[in-house]
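Read the structure below first, then the notes.
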Amino acid sequence: MSRSAERPVDTGGSGGKALDGIRVLDMTHVQSGPSCTQLLAWLGADVVKLEAPSGDVTRGQLRDVPGVDSLYFTMLNCNKRSITLNMKSERGKEIFADLVRGSDVMVENFGPGAVDRMGFTWERLQELNPRLVYASIKGFGPGRYAKFKAYEVIAQAMGGSMSTTGFEDGPPLATGAQIGDSGTGVHAVAAILAALYQRERTGRGQRVQVAMQHAVLNLCRVKLRDQQRLAHGPLTEYPNKTFGTEVPRSGNASGGGQPGWAVRCAPGGPNDYIYVIVQPVGWAPLSAIIGRPELADDPEWATPQARLSKLDKMFQLIEEWSSRHGKWEVLDRLNAAGVPCGPILSTEELIRDETLRQEGMVVEVGHPERGSFVTVGSPLQLSDSPVEITTPPLLGEHNTEIYTGLGLSPRELAELKTDGVI
């Protein structure tokens, strides 16, 4: 592919973006794949989103404005370019081969074997471009589960998250964080970057595969740690009174070396809570703040070991104080004393949070059809590769500039559109 089809490279004082010059052919859809390729775009890669002429299904899912790309799509596809291509047509396959030849990375999250059935096995892709990094995101690894359909919460269920989330006497729960989809996307980014780095030494591309179940399991490694610890007795830092043969659900317990819990604050709304960690050095100042300074030297309370058997009572005492104050006041009081804590922030509070806006983590982006929308900014911050969030592409918006870069004439482009190839 002619590099003239690429966007101009900013070679300002910083020397451009981290991934300037890297072309990513983005064949992903829904969330796990697009979250991966959006991060690559934020790092400076030229991400070309290849869609069927009908478009990514999420353009129309969960629409809030009739006839306009949904927030589901827009929030996962900023900083990309869009082309359309009918991969079922022979001409479409020829054009796709040219796209592969000019790309550094190709990412897809179709069902197992879908790209092979299009005629583009890994071996064929290597023939077209030996330097290609070919990344696949699947629900599961190549074993027994390989052909199972995967969704966000299915990955949570089969990766260890749901069995360890919730309260002891309640059902397993899904986490609101999209650790199955976007969590897998982040893992895929790490693998792609490693493959690109290795290519600098070998000159060869390679196959990259990440499974959603595997990514969730990696994020649940502390629970597998505790599963093995159970062989040596109860998990004393958990609030549970009894233990079986598997790690139990433990509510809001931190599960780490320092006990933590979410305690209620005034005025008692659904998110009027603050999460408090009680470190050994924090007990004395915390005791004073809650109006029980005598507990700092009481042998029944003074040491972590003494408090371990009555964590529920300890957090009850803290809550008796916190429930009389707003969570932001509690935050200021505890932080001033060096007590680790954090208020439970609702989605409404997060989207309005001035600190997050100043830090570029909550961003308002202009859109040619919906006007503007609020999205999450890049969590990857590099001093020499600043990120500006730009609007996601309209369907096929960049057909002309990308396909002209392949040497197609305006007449050929018109014919391809008429024939349903693009």
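FYI, nothing fancy with the structure tokens labels: chains A, B, ... in order, residues from 1 per chain, ligands from 1 as they appear.
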At a cut-off of 7 Å, can you tabulate as a Markdown table every residue of segment 317-388 of chain A near segment 62-83 of chain A together with its closest atom pair and the distance in Å to one decimal, using only C-alpha atoms and ordering rows by chain then number?
```
| residue | atom | partner | partner_atom | distance |
| --- | --- | --- | --- | --- |
| A:Glu369 | CA | A:Val68 | CA | 6.4 |
| A:Arg370 | CA | A:Val68 | CA | 6.5 |
| A:Thr375 | CA | A:Met75 | CA | 5.7 |
```
Set out as a Markdown table a contact list for segment 72-190 of chain A and segment 223-243 of chain A with a cut-off of 9 Å, giving each residue of segment 72-190 of chain A that qualifies its closest atom pair and distance in Å to one decimal, counting only C-alpha atoms, ordered by chain and rising residue number.
```
| residue | atom | partner | partner_atom | distance |
| --- | --- | --- | --- | --- |
| A:Gly160 | CA | A:Lys223 | CA | 7.8 |
| A:Ser161 | CA | A:Lys223 | CA | 8.7 |
| A:Thr164 | CA | A:Lys223 | CA | 7.5 |
| A:Glu168 | CA | A:Asn240 | CA | 7.2 |
```
Residues from the last selection, C-alpha atoms, saved as a PDB file, in the first residue's frame:
```pdb
ATOM      1  CA  GLY A 160     -12.996 -16.660  38.067  1.00  0.00           C
ATOM      2  CA  SER A 161     -14.459 -13.208  38.562  1.00  0.00           C
ATOM      3  CA  THR A 164     -15.553 -14.433  43.889  1.00  0.00           C
ATOM      4  CA  GLU A 168     -21.316 -14.634  51.011  1.00  0.00           C
TER       5      GLU A 168
END
```
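Proximity ranking of A:Gly257, A:Gly33, A:Pro379, A:Gly16 relative to His187 of chain A places A:Gly33 first, based on only C-alpha atoms.
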Please report, as JSON, numbers by chain, each residue of segment 242-309 of chain A to which DSSP assigns helix (DSSP H, G or I) when run on this structure's backbone.
{"A": [280, 281, 282, 283, 284, 285, 286, 287, 288, 289, 293, 294, 295, 296, 304, 305, 306, 307, 308]}
Keeping all heavy atoms for every residue in the selection just given, could you write it to a file as a CSV table (one decimal), in the first residue's frame?
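Below is the file selection_3.csv, written as the result:
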```csv
chain,number,residue,atom,x,y,z
A,280,PRO,N,-1.8,-0.6,59.8
A,280,PRO,CA,-1.4,-0.5,61.2
A,280,PRO,C,-1.1,0.9,61.7
A,280,PRO,O,-1.5,1.3,62.8
A,280,PRO,CB,-0.1,-1.4,61.2
A,280,PRO,CG,-0.4,-2.3,60.1
A,280,PRO,CD,-1.1,-1.6,59.0
A,281,VAL,N,-0.4,1.7,60.9
A,281,VAL,CA,-0.1,3.1,61.3
A,281,VAL,C,-1.3,4.0,61.3
A,281,VAL,O,-1.3,5.1,61.9
A,281,VAL,CB,1.0,3.7,60.4
A,281,VAL,CG1,2.3,2.9,60.5
A,281,VAL,CG2,0.6,3.7,58.9
A,282,GLY,N,-2.4,3.6,60.6
A,282,GLY,CA,-3.6,4.4,60.5
A,282,GLY,C,-4.6,4.3,61.6
A,282,GLY,O,-5.5,5.1,61.8
A,283,TRP,N,-4.4,3.2,62.5
A,283,TRP,CA,-5.4,3.0,63.5
A,283,TRP,C,-5.5,4.1,64.6
A,283,TRP,O,-6.6,4.5,64.9
A,283,TRP,CB,-5.1,1.6,64.2
A,283,TRP,CG,-6.1,1.3,65.3
A,283,TRP,CD1,-5.9,1.1,66.6
A,283,TRP,CD2,-7.6,1.2,65.1
A,283,TRP,NE1,-7.1,0.9,67.2
A,283,TRP,CE2,-8.1,0.9,66.4
A,283,TRP,CE3,-8.4,1.2,64.0
A,283,TRP,CZ2,-9.5,0.7,66.6
A,283,TRP,CZ3,-9.8,1.0,64.2
A,283,TRP,CH2,-10.3,0.8,65.5
A,284,ALA,N,-4.4,4.6,65.0
A,284,ALA,CA,-4.4,5.6,66.1
A,284,ALA,C,-5.1,6.9,65.6
A,284,ALA,O,-6.0,7.4,66.2
A,284,ALA,CB,-3.0,5.9,66.6
A,285,PRO,N,-4.7,7.5,64.4
A,285,PRO,CA,-5.4,8.7,63.9
A,285,PRO,C,-6.8,8.4,63.6
A,285,PRO,O,-7.7,9.3,63.8
A,285,PRO,CB,-4.6,9.1,62.7
A,285,PRO,CG,-3.8,7.9,62.3
A,285,PRO,CD,-3.5,7.1,63.6
A,286,LEU,N,-7.1,7.2,63.1
A,286,LEU,CA,-8.5,6.9,62.8
A,286,LEU,C,-9.4,6.8,64.0
A,286,LEU,O,-10.5,7.3,64.1
A,286,LEU,CB,-8.6,5.5,62.0
A,286,LEU,CG,-9.9,5.1,61.4
A,286,LEU,CD1,-10.5,6.2,60.5
A,286,LEU,CD2,-9.7,3.8,60.6
A,287,SER,N,-8.8,6.2,65.1
A,287,SER,CA,-9.5,6.1,66.3
A,287,SER,C,-9.9,7.5,66.9
A,287,SER,O,-11.0,7.7,67.4
A,287,SER,CB,-8.7,5.4,67.4
A,287,SER,OG,-8.4,4.1,67.0
A,288,ALA,N,-8.9,8.4,66.7
A,288,ALA,CA,-9.2,9.8,67.2
A,288,ALA,C,-10.3,10.5,66.4
A,288,ALA,O,-11.1,11.1,66.9
A,288,ALA,CB,-7.9,10.6,67.2
A,289,ILE,N,-10.2,10.3,65.1
A,289,ILE,CA,-11.2,10.9,64.2
A,289,ILE,C,-12.6,10.5,64.5
A,289,ILE,O,-13.5,11.3,64.5
A,289,ILE,CB,-10.8,10.7,62.7
A,289,ILE,CG1,-9.5,11.4,62.3
A,289,ILE,CG2,-12.0,11.0,61.8
A,289,ILE,CD1,-9.0,11.1,61.0
A,293,PRO,N,-10.5,7.6,70.8
A,293,PRO,CA,-9.1,7.6,70.9
A,293,PRO,C,-8.5,6.6,71.9
A,293,PRO,O,-7.4,6.1,71.7
A,293,PRO,CB,-8.8,9.1,71.4
A,293,PRO,CG,-10.0,9.5,72.1
A,293,PRO,CD,-11.1,8.9,71.3
A,294,GLU,N,-9.4,6.1,72.8
A,294,GLU,CA,-8.9,5.1,73.8
A,294,GLU,C,-8.6,3.8,73.1
A,294,GLU,O,-7.8,3.0,73.6
A,294,GLU,CB,-9.9,4.9,74.9
A,294,GLU,CG,-11.2,4.2,74.5
A,294,GLU,CD,-12.3,5.0,73.8
A,294,GLU,OE1,-12.0,6.2,73.5
A,294,GLU,OE2,-13.3,4.5,73.5
A,295,LEU,N,-9.2,3.5,71.9
A,295,LEU,CA,-8.9,2.3,71.2
A,295,LEU,C,-7.5,2.1,70.7
A,295,LEU,O,-7.1,1.0,70.4
A,295,LEU,CB,-9.9,2.1,70.1
A,295,LEU,CG,-11.4,2.0,70.5
A,295,LEU,CD1,-12.3,1.8,69.3
A,295,LEU,CD2,-11.7,0.9,71.5
A,296,ALA,N,-6.8,3.2,70.5
A,296,ALA,CA,-5.5,3.2,70.0
A,296,ALA,C,-4.5,2.4,70.9
A,296,ALA,O,-3.6,1.8,70.4
A,296,ALA,CB,-4.9,4.6,69.8
A,304,PRO,N,-2.9,-5.1,64.7
A,304,PRO,CA,-3.7,-5.7,63.6
A,304,PRO,C,-4.2,-7.1,63.9
A,304,PRO,O,-5.3,-7.4,63.6
A,304,PRO,CB,-2.7,-5.7,62.5
A,304,PRO,CG,-1.7,-4.6,62.7
A,304,PRO,CD,-1.6,-4.6,64.2
A,305,GLN,N,-3.4,-7.8,64.6
A,305,GLN,CA,-3.8,-9.2,65.0
A,305,GLN,C,-5.0,-9.2,65.9
A,305,GLN,O,-5.9,-10.0,65.8
A,305,GLN,CB,-2.6,-9.9,65.7
A,305,GLN,CG,-2.8,-11.5,65.7
A,305,GLN,CD,-2.9,-12.0,64.3
A,305,GLN,OE1,-2.2,-11.6,63.4
A,305,GLN,NE2,-3.7,-13.1,64.1
A,306,ALA,N,-5.0,-8.2,66.9
A,306,ALA,CA,-6.1,-8.1,67.8
A,306,ALA,C,-7.4,-7.7,67.1
A,306,ALA,O,-8.5,-8.2,67.4
A,306,ALA,CB,-5.8,-7.1,68.9
A,307,ARG,N,-7.3,-6.9,66.0
A,307,ARG,CA,-8.5,-6.4,65.3
A,307,ARG,C,-9.0,-7.4,64.3
A,307,ARG,O,-10.1,-7.4,63.9
A,307,ARG,CB,-8.2,-5.1,64.6
A,307,ARG,CG,-7.9,-4.0,65.5
A,307,ARG,CD,-7.8,-2.6,64.8
A,307,ARG,NE,-6.7,-2.5,63.8
A,307,ARG,CZ,-5.4,-2.1,64.1
A,307,ARG,NH1,-5.2,-1.8,65.4
A,307,ARG,NH2,-4.5,-2.1,63.2
A,308,LEU,N,-8.2,-8.4,63.9
A,308,LEU,CA,-8.5,-9.3,62.8
A,308,LEU,C,-9.7,-10.1,63.1
A,308,LEU,O,-10.5,-10.4,62.2
A,308,LEU,CB,-7.3,-10.3,62.6
A,308,LEU,CG,-7.2,-10.9,61.2
A,308,LEU,CD1,-7.2,-9.9,60.1
A,308,LEU,CD2,-5.9,-11.8,61.1
```
Between A:Ile274, A:Phe167, A:Leu408, A:Asp384, single out the one closest to Asn252 of chain A, counting only C-alpha atoms.
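That would be A:Phe167, the residue with the smallest distance to Asn252 of chain A.
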Looking at only C-alpha atoms, which of A:Ala253, A:Ala194, A:Leu173, A:Leu331 is the one that sits closest to Leu311 of chain A?
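Residue with the minimum atom-to-atom distance to Leu311 of chain A: A:Ala253.
In this structure, atom CA of Asn335 of chain A sits 29.2 Å away from atom CA of Ile179 of chain A.
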